[in-house]
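Below is start12.txt, which holds compact mmCIF, C-alpha atoms.
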# COMPACT_ATOMS: atom_id res chain seq x y z
CA MET A 504 0.00 0.00 0.00
CA THR A 505 1.18 3.49 -0.84
CA PRO A 506 0.53 6.19 1.78
CA HIS A 507 -1.27 9.24 0.45
CA ASP A 508 1.42 11.54 1.79
CA ASP A 509 4.28 9.69 0.08
CA ALA A 510 6.07 12.18 -2.18
CA ALA A 511 6.73 9.68 -4.98
CA TYR A 512 3.11 8.60 -5.18
CA THR A 513 1.85 12.16 -4.85
CA GLY A 514 4.04 13.19 -7.77
CA ALA A 515 2.74 10.32 -9.92
CA LYS A 516 -0.83 11.18 -8.99
CA GLN A 517 -0.32 14.79 -10.07
CA ASP A 518 1.28 13.54 -13.28
CA GLN A 519 -1.78 11.39 -13.95
CA LYS A 520 -4.13 14.37 -13.67
CA ARG A 521 -1.92 16.48 -15.91
CA LEU A 522 -1.49 13.81 -18.59
CA LEU A 523 -5.17 12.90 -18.63
CA GLN A 524 -6.22 16.54 -18.89
CA TRP A 525 -3.76 17.07 -21.74
CA LEU A 526 -5.07 14.00 -23.56
CA LEU A 527 -8.77 14.82 -23.23
CA ASP A 528 -8.69 18.63 -23.49
CA GLN A 529 -5.86 19.19 -25.98
CA ALA A 530 -4.71 16.11 -27.89
CA CYS A 531 -8.11 14.62 -28.70
CA PRO A 532 -9.59 17.91 -29.98
CA LEU A 533 -6.53 18.52 -32.17
CA TRP A 534 -6.21 15.06 -33.69
CA SER A 535 -9.94 14.40 -34.06
CA THR A 536 -10.34 17.54 -36.17
CA HIS A 537 -7.10 18.45 -37.93
CA GLY A 538 -5.71 14.90 -37.78
CA ALA A 539 -8.70 13.39 -39.59
CA ASP A 540 -8.85 13.87 -43.36
CA ARG A 541 -12.46 14.82 -44.05
CA VAL A 542 -11.88 15.05 -47.79
CA ARG A 543 -10.10 11.82 -48.69
CA GLY A 544 -10.86 9.84 -45.56
CA GLY A 545 -8.69 8.25 -42.92
CA PHE A 546 -6.11 10.01 -40.79
CA HIS A 547 -3.13 12.13 -41.73
CA GLU A 548 0.32 10.68 -41.23
CA ARG A 549 1.62 13.88 -39.60
CA LEU A 550 0.49 17.34 -38.56
CA SER A 551 2.54 20.45 -39.20
CA GLY A 552 1.01 22.69 -36.58
CA THR A 553 -2.67 22.16 -37.35
CA GLN A 554 -2.13 21.30 -41.03
CA GLY A 555 -2.43 17.69 -42.16
CA LEU A 556 0.30 16.82 -44.64
CA GLN A 557 -0.50 15.20 -47.97
CA GLU A 558 2.15 12.50 -47.93
CA PRO A 559 2.40 8.69 -47.98
CA ARG A 560 0.39 7.01 -45.24
CA ARG A 561 1.60 3.93 -43.38
CA ALA A 562 -0.92 1.22 -42.65
CA ARG A 563 -0.13 1.19 -38.95
CA VAL A 564 -1.29 4.78 -38.43
CA GLN A 565 -4.95 4.19 -39.30
CA PRO A 566 -5.82 1.49 -36.70
CA ARG A 567 -3.54 3.17 -34.16
CA GLN A 568 -5.68 6.30 -34.36
CA VAL A 569 -8.81 4.17 -33.97
CA SER A 570 -7.28 2.64 -30.85
CA SER A 571 -6.31 6.07 -29.49
CA PHE A 572 -9.78 7.57 -29.71
CA ALA A 573 -11.36 4.42 -28.26
CA GLN A 574 -8.94 4.54 -25.31
CA ALA A 575 -9.69 8.23 -24.81
CA ALA A 576 -13.42 7.53 -24.76
CA LEU A 577 -12.91 4.99 -21.97
CA LEU A 578 -10.97 7.68 -20.07
CA GLY A 579 -13.81 10.18 -20.34
CA TRP A 580 -13.41 11.97 -23.66
CA ARG A 581 -16.80 13.22 -24.87
CA GLY A 582 -15.97 13.45 -28.57
CA ASP A 583 -17.53 11.14 -31.14
CA ALA A 584 -15.09 8.27 -30.84
CA ALA A 585 -17.53 5.87 -32.52
CA ALA A 586 -17.70 8.03 -35.65
CA LEU A 587 -13.92 8.41 -35.72
CA ALA A 588 -13.38 4.68 -35.32
CA THR A 589 -15.83 3.97 -38.14
CA HIS A 590 -14.18 6.65 -40.29
CA GLY A 591 -10.74 5.13 -39.79
CA LEU A 592 -11.70 1.48 -40.21
CA ASP A 593 -13.75 2.12 -43.36
CA TYR A 594 -10.81 3.93 -44.95
CA PHE A 595 -8.36 1.26 -43.82
CA ARG A 596 -10.43 -1.57 -45.27
CA LYS A 597 -10.97 0.26 -48.57
CA TYR A 598 -7.40 1.25 -49.36
CA TYR A 599 -5.10 -1.15 -47.52
CA ARG A 600 -6.66 -4.59 -47.89
CA ARG A 601 -4.89 -6.89 -50.35
CA PRO A 602 -6.65 -9.62 -52.36
CA ASP A 603 -5.22 -12.26 -49.98
CA GLY A 604 -6.92 -10.61 -46.96
CA LEU A 605 -3.80 -9.07 -45.45
CA PHE A 606 -3.11 -5.31 -45.45
CA ARG A 607 -0.50 -3.53 -47.60
CA THR A 608 1.98 -1.34 -45.79
CA LEU A 609 1.86 2.03 -47.61
CA ILE A 610 -0.42 4.09 -49.81
CA GLY A 611 -0.32 7.60 -51.24
CA PRO A 612 -2.63 10.35 -50.02
CA ASP A 613 -4.81 9.58 -53.06
CA GLY A 614 -5.19 5.94 -51.97
CA ALA A 615 -2.83 4.47 -54.58
CA SER A 616 -0.65 1.59 -53.40
CA LEU A 617 2.99 2.53 -52.86
CA ASP A 618 4.19 -0.66 -51.14
CA GLU A 619 2.37 -3.97 -51.52
CA ARG A 620 4.30 -5.80 -48.83
CA ALA A 621 2.21 -7.27 -46.03
CA LEU A 622 4.15 -6.83 -42.79
CA LEU A 623 3.31 -8.76 -39.63
CA TYR A 624 3.69 -5.46 -37.73
CA ASP A 625 0.85 -3.88 -39.71
CA GLN A 626 -1.43 -6.90 -39.39
CA ALA A 627 -0.98 -6.71 -35.62
CA PHE A 628 -2.18 -3.12 -35.58
CA ALA A 629 -5.10 -3.96 -37.83
CA LEU A 630 -6.13 -6.52 -35.21
CA LEU A 631 -5.57 -4.02 -32.40
CA GLY A 632 -7.74 -1.39 -34.08
CA LEU A 633 -10.57 -3.91 -34.43
CA ALA A 634 -10.23 -4.99 -30.80
CA GLU A 635 -10.20 -1.46 -29.38
CA ALA A 636 -13.00 -0.26 -31.67
CA GLN A 637 -15.35 -2.63 -29.87
CA HIS A 638 -15.26 -0.31 -26.85
CA VAL A 639 -17.04 2.41 -28.82
CA ILE A 640 -18.85 0.48 -31.58
CA PRO A 641 -19.57 -2.92 -30.01
CA SER A 642 -20.69 -5.37 -32.64
CA ALA A 643 -20.35 -9.03 -33.48
CA PRO A 644 -19.02 -8.25 -36.99
CA LEU A 645 -15.86 -6.72 -35.53
CA ALA A 646 -15.17 -9.88 -33.54
CA ASP A 647 -15.80 -11.97 -36.65
CA GLU A 648 -13.52 -9.72 -38.68
CA GLY A 649 -10.80 -10.10 -36.06
CA ARG A 650 -11.05 -13.88 -36.11
CA LYS A 651 -10.94 -13.92 -39.92
CA LEU A 652 -7.84 -11.73 -40.06
CA ARG A 653 -6.19 -13.81 -37.35
CA ALA A 654 -6.81 -16.95 -39.42
CA THR A 655 -5.30 -15.26 -42.49
CA VAL A 656 -2.23 -14.19 -40.52
CA PHE A 657 -1.83 -17.73 -39.22
CA ARG A 658 -2.20 -19.20 -42.70
CA LEU A 659 0.14 -16.84 -44.53
CA LEU A 660 2.64 -15.62 -41.93
CA ARG A 661 3.05 -18.38 -39.36
CA ARG A 662 6.49 -20.00 -39.75
CA LYS A 663 6.38 -23.44 -41.31
CA ASN A 664 9.37 -24.74 -39.34
CA GLY A 665 9.55 -23.66 -35.73
CA PRO A 666 7.74 -21.19 -33.51
CA GLY A 667 6.64 -17.66 -34.25
CA PHE A 668 5.79 -15.70 -37.36
CA GLU A 669 7.52 -14.41 -40.46
CA THR A 670 8.27 -10.69 -40.66
CA GLY A 671 6.10 -10.30 -43.75
CA LEU A 672 5.35 -11.12 -47.36
CA PRO A 673 7.33 -11.63 -49.47
CA LEU A 674 9.25 -13.95 -47.17
CA GLY A 675 12.96 -13.73 -46.48
CA ALA A 676 13.44 -10.80 -44.13
CA PRO A 677 15.19 -11.38 -40.78
CA LEU A 678 12.90 -12.45 -37.97
CA CYS A 679 12.05 -9.70 -35.51
CA ALA A 680 10.85 -9.57 -31.91
CA ASN A 681 8.99 -6.28 -32.32
CA PRO A 682 6.00 -7.46 -34.43
CA HIS A 683 5.63 -10.42 -32.09
CA MET A 684 5.43 -7.94 -29.23
CA HIS A 685 2.51 -6.22 -30.91
CA LEU A 686 0.79 -9.54 -31.63
CA PHE A 687 1.18 -10.21 -27.90
CA GLU A 688 -0.47 -6.86 -27.22
CA VAL A 689 -3.24 -7.73 -29.66
CA ALA A 690 -3.98 -11.06 -28.01
CA LEU A 691 -4.20 -9.40 -24.58
CA ALA A 692 -6.54 -6.73 -25.99
CA TRP A 693 -8.86 -9.32 -27.50
CA ILE A 694 -8.88 -11.37 -24.30
CA GLU A 695 -10.50 -8.35 -22.60
CA THR A 696 -13.43 -8.38 -25.03
CA SER A 697 -13.70 -11.98 -26.23
CA ASP A 698 -14.10 -15.48 -24.82
CA ASP A 699 -12.33 -16.94 -27.85
CA ASP A 700 -9.69 -19.36 -26.55
CA GLU A 701 -7.48 -18.78 -29.59
CA TRP A 702 -6.52 -15.34 -28.27
CA HIS A 703 -5.39 -16.93 -25.00
CA ALA A 704 -3.40 -19.49 -26.96
CA LEU A 705 -1.72 -16.76 -29.02
CA ALA A 706 -0.79 -14.79 -25.90
CA ASP A 707 0.64 -17.91 -24.29
CA GLU A 708 2.62 -18.79 -27.41
CA ILE A 709 4.27 -15.39 -27.72
CA GLY A 710 4.83 -15.00 -23.99
CA ALA A 711 6.62 -18.34 -24.00
CA LEU A 712 8.66 -17.34 -27.07
CA ALA A 713 9.77 -14.16 -25.32
CA LEU A 714 10.90 -16.09 -22.26
CA SER A 715 12.66 -18.85 -24.22
CA THR A 716 14.14 -16.95 -27.15
CA PHE A 717 13.97 -13.16 -27.10
CA ILE A 718 15.19 -12.65 -23.53
CA ASP A 719 18.78 -13.68 -22.85
CA PRO A 720 18.74 -16.13 -19.91
CA VAL A 721 21.98 -14.75 -18.45
CA SER A 722 21.84 -10.99 -18.94
CA GLY A 723 18.07 -10.66 -19.04
CA VAL A 724 18.17 -8.28 -22.03
CA LEU A 725 15.92 -8.68 -25.07
CA ARG A 726 17.38 -8.72 -28.57
CA GLU A 727 15.49 -7.47 -31.61
CA HIS A 728 16.71 -9.23 -34.78
CA TYR A 729 17.28 -12.90 -35.66
CA GLU A 730 18.20 -15.34 -38.38
CA GLY A 731 15.55 -17.73 -39.69
CA ASP A 732 16.36 -20.30 -37.01
CA TRP A 733 15.97 -17.74 -34.19
CA LYS A 734 19.72 -17.41 -33.78
CA ARG A 735 20.97 -13.90 -33.12
CA LEU A 736 21.56 -11.92 -36.31
CA SER A 737 25.25 -11.37 -36.97
CA GLY A 738 26.97 -8.04 -36.58
CA THR A 739 25.65 -4.90 -34.91
CA PRO A 740 21.99 -5.44 -35.91
CA GLY A 741 21.96 -8.61 -33.84
CA ARG A 742 23.36 -6.79 -30.82
CA ILE A 743 20.91 -3.89 -30.72
CA ILE A 744 18.55 -3.68 -27.78
CA GLU A 745 15.97 -0.95 -27.24
CA PRO A 746 15.13 0.38 -23.76
CA GLY A 747 11.68 1.39 -25.00
CA HIS A 748 10.93 -2.18 -26.03
CA HIS A 749 12.30 -3.51 -22.75
CA PHE A 750 9.75 -1.38 -20.93
CA GLU A 751 7.01 -2.34 -23.38
CA TRP A 752 7.68 -6.08 -23.18
CA ALA A 753 7.77 -5.83 -19.39
CA TRP A 754 4.37 -4.09 -19.39
CA LEU A 755 2.91 -6.84 -21.55
CA LEU A 756 4.46 -9.70 -19.59
CA LEU A 757 3.12 -8.25 -16.35
CA ARG A 758 -0.34 -7.98 -17.90
CA TRP A 759 -0.12 -11.56 -19.16
CA GLU A 760 1.01 -13.67 -16.21
CA GLY A 761 3.04 -11.30 -14.09
CA ALA A 762 0.56 -11.29 -11.25
CA SER A 763 0.60 -15.08 -10.86
CA ARG A 764 3.84 -16.59 -12.21
CA PRO A 765 7.06 -15.66 -10.39
CA GLU A 766 9.30 -16.46 -13.37
CA VAL A 767 7.33 -14.09 -15.61
CA ARG A 768 7.45 -11.34 -13.01
CA ARG A 769 11.20 -11.81 -12.54
CA ALA A 770 11.82 -11.57 -16.28
CA ALA A 771 9.69 -8.44 -16.56
CA PHE A 772 11.37 -6.71 -13.63
CA LYS A 773 14.78 -7.59 -15.02
CA LEU A 774 13.84 -5.94 -18.31
CA ILE A 775 12.72 -2.84 -16.43
CA ASP A 776 15.87 -2.73 -14.33
CA ALA A 777 18.19 -3.09 -17.34
CA ALA A 778 16.41 -0.35 -19.26
CA GLU A 779 16.19 1.99 -16.27
CA GLN A 780 19.79 1.54 -15.14
CA HIS A 781 21.49 1.63 -18.53
CA GLY A 782 18.99 3.11 -20.98
CA VAL A 783 17.97 6.31 -19.20
CA ARG A 784 20.23 9.31 -19.81
CA ASN A 785 19.59 12.88 -18.71
CA GLY A 786 16.11 11.95 -17.53
CA VAL A 787 14.89 10.25 -20.71
CA ALA A 788 14.96 6.74 -22.16
CA VAL A 789 17.35 6.62 -25.11
CA ASN A 790 16.70 4.93 -28.42
CA ALA A 791 19.18 2.04 -28.39
CA LEU A 792 21.94 0.20 -26.55
CA LEU A 793 24.11 -2.76 -27.52
CA ASP A 794 23.72 -6.08 -25.76
CA ASP A 795 26.64 -5.34 -23.44
CA LEU A 796 24.52 -2.38 -22.26
CA SER A 797 26.83 0.19 -23.84
CA MET A 798 25.31 3.19 -25.60
CA HIS A 799 24.41 2.83 -29.27
CA ASP A 800 21.98 5.69 -30.00
CA PRO A 801 21.80 8.32 -27.24
CA SER A 802 19.05 10.36 -28.90
CA ALA A 803 15.57 9.83 -27.48
CA ARG A 804 12.22 9.64 -29.24
CA LEU A 805 8.98 10.33 -27.43
CA TRP A 806 7.52 6.82 -27.52
CA PRO A 807 10.12 5.15 -25.20
CA GLN A 808 9.10 7.66 -22.52
CA THR A 809 5.52 6.44 -22.68
CA GLU A 810 6.64 2.81 -22.38
CA ARG A 811 8.81 3.64 -19.39
CA LEU A 812 5.77 5.24 -17.77
CA LYS A 813 3.48 2.31 -18.56
CA ALA A 814 5.89 -0.32 -17.22
CA SER A 815 6.71 1.53 -14.02
CA ALA A 816 3.07 2.44 -13.34
CA LEU A 817 1.94 -1.16 -13.74
CA ALA A 818 4.84 -2.42 -11.61
CA ALA A 819 3.84 0.08 -8.93
CA ARG A 820 0.25 -1.12 -9.12
CA LEU A 821 1.20 -4.79 -8.79
CA THR A 822 3.86 -4.44 -6.08
CA GLY A 823 3.03 -1.22 -4.23
CA GLU A 824 6.77 -0.58 -4.07
CA ARG A 825 7.77 3.04 -3.72
CA ARG A 826 10.65 2.76 -6.18
CA TYR A 827 8.26 2.15 -9.04
CA TRP A 828 6.25 5.25 -8.16
CA VAL A 829 9.56 7.13 -8.16
CA MET A 830 10.28 5.72 -11.61
CA ALA A 831 6.79 6.55 -12.87
CA HIS A 832 7.13 10.15 -11.73
CA ALA A 833 10.56 10.40 -13.37
CA ALA A 834 9.19 8.91 -16.60
CA ALA A 835 6.29 11.36 -16.65
CA THR A 836 8.64 14.27 -16.01
CA GLY A 837 10.72 13.25 -19.02
CA LEU A 838 7.63 12.71 -21.16
CA PHE A 839 6.15 16.15 -20.45
CA ARG A 840 9.20 17.79 -22.05
CA TYR A 841 7.95 16.56 -25.43
CA LEU A 842 4.44 17.96 -24.94
CA GLU A 843 5.44 21.57 -24.35
CA THR A 844 4.67 22.70 -27.90
CA LYS A 845 3.31 25.83 -29.52
CA VAL A 846 0.20 23.95 -30.65
CA PRO A 847 -1.75 22.49 -27.69
CA GLY A 848 -2.17 18.75 -28.08
CA SER A 849 0.80 18.26 -30.40
CA TRP A 850 4.22 16.86 -29.51
CA TYR A 851 7.87 16.78 -30.34
CA ASP A 852 9.03 13.39 -31.54
CA LYS A 853 12.82 13.57 -31.17
CA LEU A 854 15.28 14.79 -28.56
CA THR A 855 18.93 14.90 -29.64
CA ALA A 856 21.80 13.51 -27.56
CA GLU A 857 22.60 17.14 -26.74
CA GLY A 858 19.13 17.69 -25.29
CA LYS A 859 17.58 19.67 -28.15
CA LEU A 860 14.00 18.99 -29.24
CA ILE A 861 13.64 18.82 -33.03
CA GLU A 862 11.12 21.14 -34.70
CA GLU A 863 9.28 19.01 -37.26
CA PRO A 864 5.74 17.79 -38.00
CA ALA A 865 4.23 15.60 -35.28
CA PRO A 866 3.74 11.92 -36.26
CA ALA A 867 0.23 10.64 -35.66
CA SER A 868 1.59 7.20 -34.77
CA THR A 869 2.70 8.47 -31.34
CA PHE A 870 -0.87 9.20 -30.24
CA TYR A 871 -1.43 5.50 -29.54
CA HIS A 872 1.55 5.41 -27.16
CA LEU A 873 0.37 8.51 -25.28
CA ALA A 874 -3.22 7.30 -24.92
CA ALA A 875 -2.03 3.94 -23.55
CA ALA A 876 0.31 5.68 -21.10
CA ALA A 877 -2.53 7.86 -19.81
CA ALA A 878 -4.74 4.77 -19.48
CA GLN A 879 -2.16 2.75 -17.53
CA LEU A 880 -1.19 5.58 -15.20
CA THR A 881 -4.87 6.30 -14.54
CA ALA A 882 -5.56 2.63 -13.76
CA SER A 883 -2.59 2.40 -11.42
CA VAL A 884 -3.42 5.58 -9.51
CA SER A 885 -7.09 4.55 -9.26
CA GLU A 886 -6.11 1.18 -7.81
CA ALA A 887 -3.76 2.81 -5.30
CA GLU A 888 -6.53 5.20 -4.26
CA ARG A 889 -8.93 2.30 -3.80
CA LEU A 890 -6.46 0.35 -1.65
CA ASN A 891 -5.74 3.38 0.49
CA ALA A 892 -9.32 4.54 0.90

Written as structure tokens, that's how I'd like the structure from this file.
Amino acid sequence: MTPHDDAAYTGAKQDQKRLLQWLLDQACPLWSTHGADRVRGGFHERLSGTQGLQEPRRARVQPRQVSSFAQAALLGWRGDAAALATHGLDYFRKYYRRPDGLFRTLIGPDGASLDERALLYDQAFALLGLAEAQHVIPSAPLADEGRKLRATVFRLLRRKNGPGFETGLPLGAPLCANPHMHLFEVALAWIETSDDDEWHALADEIGALALSTFIDPVSGVLREHYEGDWKRLSGTPGRIIEPGHHFEWAWLLLRWEGASRPEVRRAAFKLIDAAEQHGVRNGVAVNALLDDLSMHDPSARLWPQTERLKASALAARLTGERRYWVMAHAAATGLFRYLETKVPGSWYDKLTAEGKLIEEPAPASTFYHLAAAAAQLTASVSEAERLNA
């Protein structure tokens, strides 16, 4: 239990109010109006101030925006999240779906295909958008659509020899942990809204793969890139580890079995500790280390700050330990630096190694990270308040 007068918890509680207010009163109004393309449909890839840019649009952005508005609605946003989710999903289905049922990775602002590859990463976000949309437009067809896409992913992207999934079509790219992480996230999201046992099986499969393959049994760090037999990729690419993904995997593992299985909790906490001790520099989580925990890329994007906040807030909720509230407050403090923009509700995406924020259009893809961070911090503070009532 966390005492109400504890400074670390009090700081995190104040951060929660500030982040939630920013999300509901600034970010949602900006991105639901200027971020939605009311002429061509869908959502803009980036905003320059309040101007949506007419540029190529990645598949992942469309369902991420659907997820963001659905999350915001659950947190109290009074905008028309159902209409926005419908707007985004209709556009996504129309312009991104391939004849084989998977989704292409890139189109032009006019809807023309620019990249026909079907990446596992993008299929995961298609599934996430469908799962989260159910919170604002509950309907059996969305669940059926999710099951159908899952079956297509299994048929076309599941590896024929060994565990896990291919990176995409056409085949041949190195295997990657990151899209598996988002499939893990997808399975956990569907478990919250569905009694379909296949989602539980998918979560269990990927959780087990993380513990057996992605996470080094000695150092506890998680590598990103692999050969086709799940051996570490040679050279520097095989040595790269990302603090942001360490925090994100820890958050997912704790949601999966971290409350009941000691070995899962240990692995998650080890990921958090490695990222916090070696991957945080000048108050922010950096982009990349090498597997000996030396610095590789000391610049810092916004999204790792949200994952640091999510992991520490959930760890605080599960353990009640003060050190995780300290970490959550520190993560929020670093995150808020990126939100101090000229346009309310926008954000900076990049902080240089020298501590300079880069002036450039704000990527819509980050909204999903921020909404999830606000949701997790709100859930953790609410649980602490309930326990201390």

Inset, instruction - Would you mind listing what lies within 8 Å of range 714-725 of chain A as a ChimeraX atom specification, with all atoms listed in the file counted and same-chain residues fewer than 5 positions away left out? - result: /A:680,733,744,749,767,770,773-774,777,794

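With distances taken over all atoms listed in the file, A:Ala867 is the one residue among A:Leu645, A:Ala875, A:Ala867, A:Ala713 lying closest to Arg560 in chain A.
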
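Rounded to one decimal, CA of Pro864 in chain A and CA of Gly848 in chain A lie 12.7 Å from each other.
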
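For the pair CA of Phe687 in chain A and CA of Pro765 in chain A, the separation is 19.3 Å.
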
Inset, instruction - Find the residue from A:Ala646, A:Ala816, A:Leu712, A:Ala629 that sits nearest to Ser570 in chain A; use all atoms listed in the file when measuring. - result: A:Ala629

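When the distance limit is 12 Å and only C-alpha atoms are what count, the residues near Pro847 in chain A, minus those fewer than 3 positions from it on the same chain, are Gln524, Trp525, Leu526, Leu527, Asp528, Gln529, Ala530, Cys531, Pro532, Leu533, Trp534, Gly552, Thr553, Tyr841, Leu842, Glu843, Thr844, Trp850, Tyr851 and Ala865 of chain A.
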
Write the residues of the preceding selection, restricted to C-alpha atoms, as a compact mmCIF listing (two decimals), keeping the file's coordinate frame.
# COMPACT_ATOMS: atom_id res chain seq x y z
CA GLN A 524 -6.22 16.54 -18.89
CA TRP A 525 -3.76 17.07 -21.74
CA LEU A 526 -5.07 14.00 -23.56
CA LEU A 527 -8.77 14.82 -23.23
CA ASP A 528 -8.69 18.63 -23.49
CA GLN A 529 -5.86 19.19 -25.98
CA ALA A 530 -4.71 16.11 -27.89
CA CYS A 531 -8.11 14.62 -28.70
CA PRO A 532 -9.59 17.91 -29.98
CA LEU A 533 -6.53 18.52 -32.17
CA TRP A 534 -6.21 15.06 -33.69
CA GLY A 552 1.01 22.69 -36.58
CA THR A 553 -2.67 22.16 -37.35
CA TYR A 841 7.95 16.56 -25.43
CA LEU A 842 4.44 17.96 -24.94
CA GLU A 843 5.44 21.57 -24.35
CA THR A 844 4.67 22.70 -27.90
CA TRP A 850 4.22 16.86 -29.51
CA TYR A 851 7.87 16.78 -30.34
CA ALA A 865 4.23 15.60 -35.28

Inset, instruction - Show which residues sit within 8 Å of range 795-798 of chain A, as number ranges by chain. Count all atoms listed in the file, and ignore same-chain residues fewer than 3 positions away. - result: A: 781-782, 791-792, 801

Inset, instruction - Using CA of Ala511 in chain A and CA of Ala877 in chain A as the two end points, give the distance in Å to one decimal. - result: 17.6 Å

Place a sphere of radius 7 Å on (4.1, -16.8, -31.7) in the file coordinates and name every protein, DNA or RNA residue with an atom inside or on its surface, counting all atoms listed in the file; give the answer as an mmCIF file with C-alpha atoms, keeping the file's coordinate frame.
data_model
loop_
_atom_site.group_PDB
_atom_site.id
_atom_site.type_symbol
_atom_site.label_atom_id
_atom_site.label_comp_id
_atom_site.auth_asym_id
_atom_site.auth_seq_id
_atom_site.Cartn_x
_atom_site.Cartn_y
_atom_site.Cartn_z
ATOM 1 C CA PRO A 666 7.740 -21.190 -33.510
ATOM 2 C CA GLY A 667 6.640 -17.660 -34.250
ATOM 3 C CA PHE A 668 5.790 -15.700 -37.360
ATOM 4 C CA HIS A 683 5.630 -10.420 -32.090
ATOM 5 C CA LEU A 705 -1.720 -16.760 -29.020
ATOM 6 C CA GLU A 708 2.620 -18.790 -27.410
ATOM 7 C CA ILE A 709 4.270 -15.390 -27.720
ATOM 8 C CA LEU A 712 8.660 -17.340 -27.070
#

Legend entry - Residue neighbourhood Arg620 in chain A, 9 Å, all atoms listed in the file, exclusion window fewer than 6 positions, as a PyMOL selection string: chain A and resi 606-609+671-673

Inset, instruction - For range 582-598 of chain A, work out the shell of residues within 7 Å, counting only C-alpha atoms and skipping chain neighbours fewer than 6 positions away, then give it as a count of residues only. - result: 13

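The residue that comes closest to Trp580 in chain A, out of A:Ala833, A:Ala874, A:Leu821, A:Leu630 and on the basis of all atoms listed in the file, is A:Ala874.
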
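Between Leu605 in chain A and the residues A:Gln557, A:Ser883, A:Ser642, A:Thr655, the shortest atom-to-atom distance, using only C-alpha atoms, involves A:Thr655.
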
Legend entry - Distance criterion (only C-alpha atoms): nearest to His872 in chain A out of A:Leu623, A:Leu660, A:Leu838, A:Val787: A:Leu838

Inset, instruction - Show me as a PyMOL selection string the residues that reach within 10 Å of (13.5, -1.6, -33.0), counting only C-alpha atoms and using the file's own coordinates. - result: chain A and resi 679-682+726-728+740+743-748+790-791

Legend entry - Residue nearest Leu652 in chain A among A:Gln574, A:Gln568, A:Gln626, A:Gln519 (counting only C-alpha atoms): A:Gln626

Taking the structure in the block just given, could you write range 643-680 of chain A with C-alpha atoms, as a compact mmCIF listing (two decimals), in the first residue's frame?
# COMPACT_ATOMS: atom_id res chain seq x y z
CA ALA A 643 -20.35 -9.03 -33.48
CA PRO A 644 -19.02 -8.25 -36.99
CA LEU A 645 -15.86 -6.72 -35.53
CA ALA A 646 -15.17 -9.88 -33.54
CA ASP A 647 -15.80 -11.97 -36.65
CA GLU A 648 -13.52 -9.72 -38.68
CA GLY A 649 -10.80 -10.10 -36.06
CA ARG A 650 -11.05 -13.88 -36.11
CA LYS A 651 -10.94 -13.92 -39.92
CA LEU A 652 -7.84 -11.73 -40.06
CA ARG A 653 -6.19 -13.81 -37.35
CA ALA A 654 -6.81 -16.95 -39.42
CA THR A 655 -5.30 -15.26 -42.49
CA VAL A 656 -2.23 -14.19 -40.52
CA PHE A 657 -1.83 -17.73 -39.22
CA ARG A 658 -2.20 -19.20 -42.70
CA LEU A 659 0.14 -16.84 -44.53
CA LEU A 660 2.64 -15.62 -41.93
CA ARG A 661 3.05 -18.38 -39.36
CA ARG A 662 6.49 -20.00 -39.75
CA LYS A 663 6.38 -23.44 -41.31
CA ASN A 664 9.37 -24.74 -39.34
CA GLY A 665 9.55 -23.66 -35.73
CA PRO A 666 7.74 -21.19 -33.51
CA GLY A 667 6.64 -17.66 -34.25
CA PHE A 668 5.79 -15.70 -37.36
CA GLU A 669 7.52 -14.41 -40.46
CA THR A 670 8.27 -10.69 -40.66
CA GLY A 671 6.10 -10.30 -43.75
CA LEU A 672 5.35 -11.12 -47.36
CA PRO A 673 7.33 -11.63 -49.47
CA LEU A 674 9.25 -13.95 -47.17
CA GLY A 675 12.96 -13.73 -46.48
CA ALA A 676 13.44 -10.80 -44.13
CA PRO A 677 15.19 -11.38 -40.78
CA LEU A 678 12.90 -12.45 -37.97
CA CYS A 679 12.05 -9.70 -35.51
CA ALA A 680 10.85 -9.57 -31.91
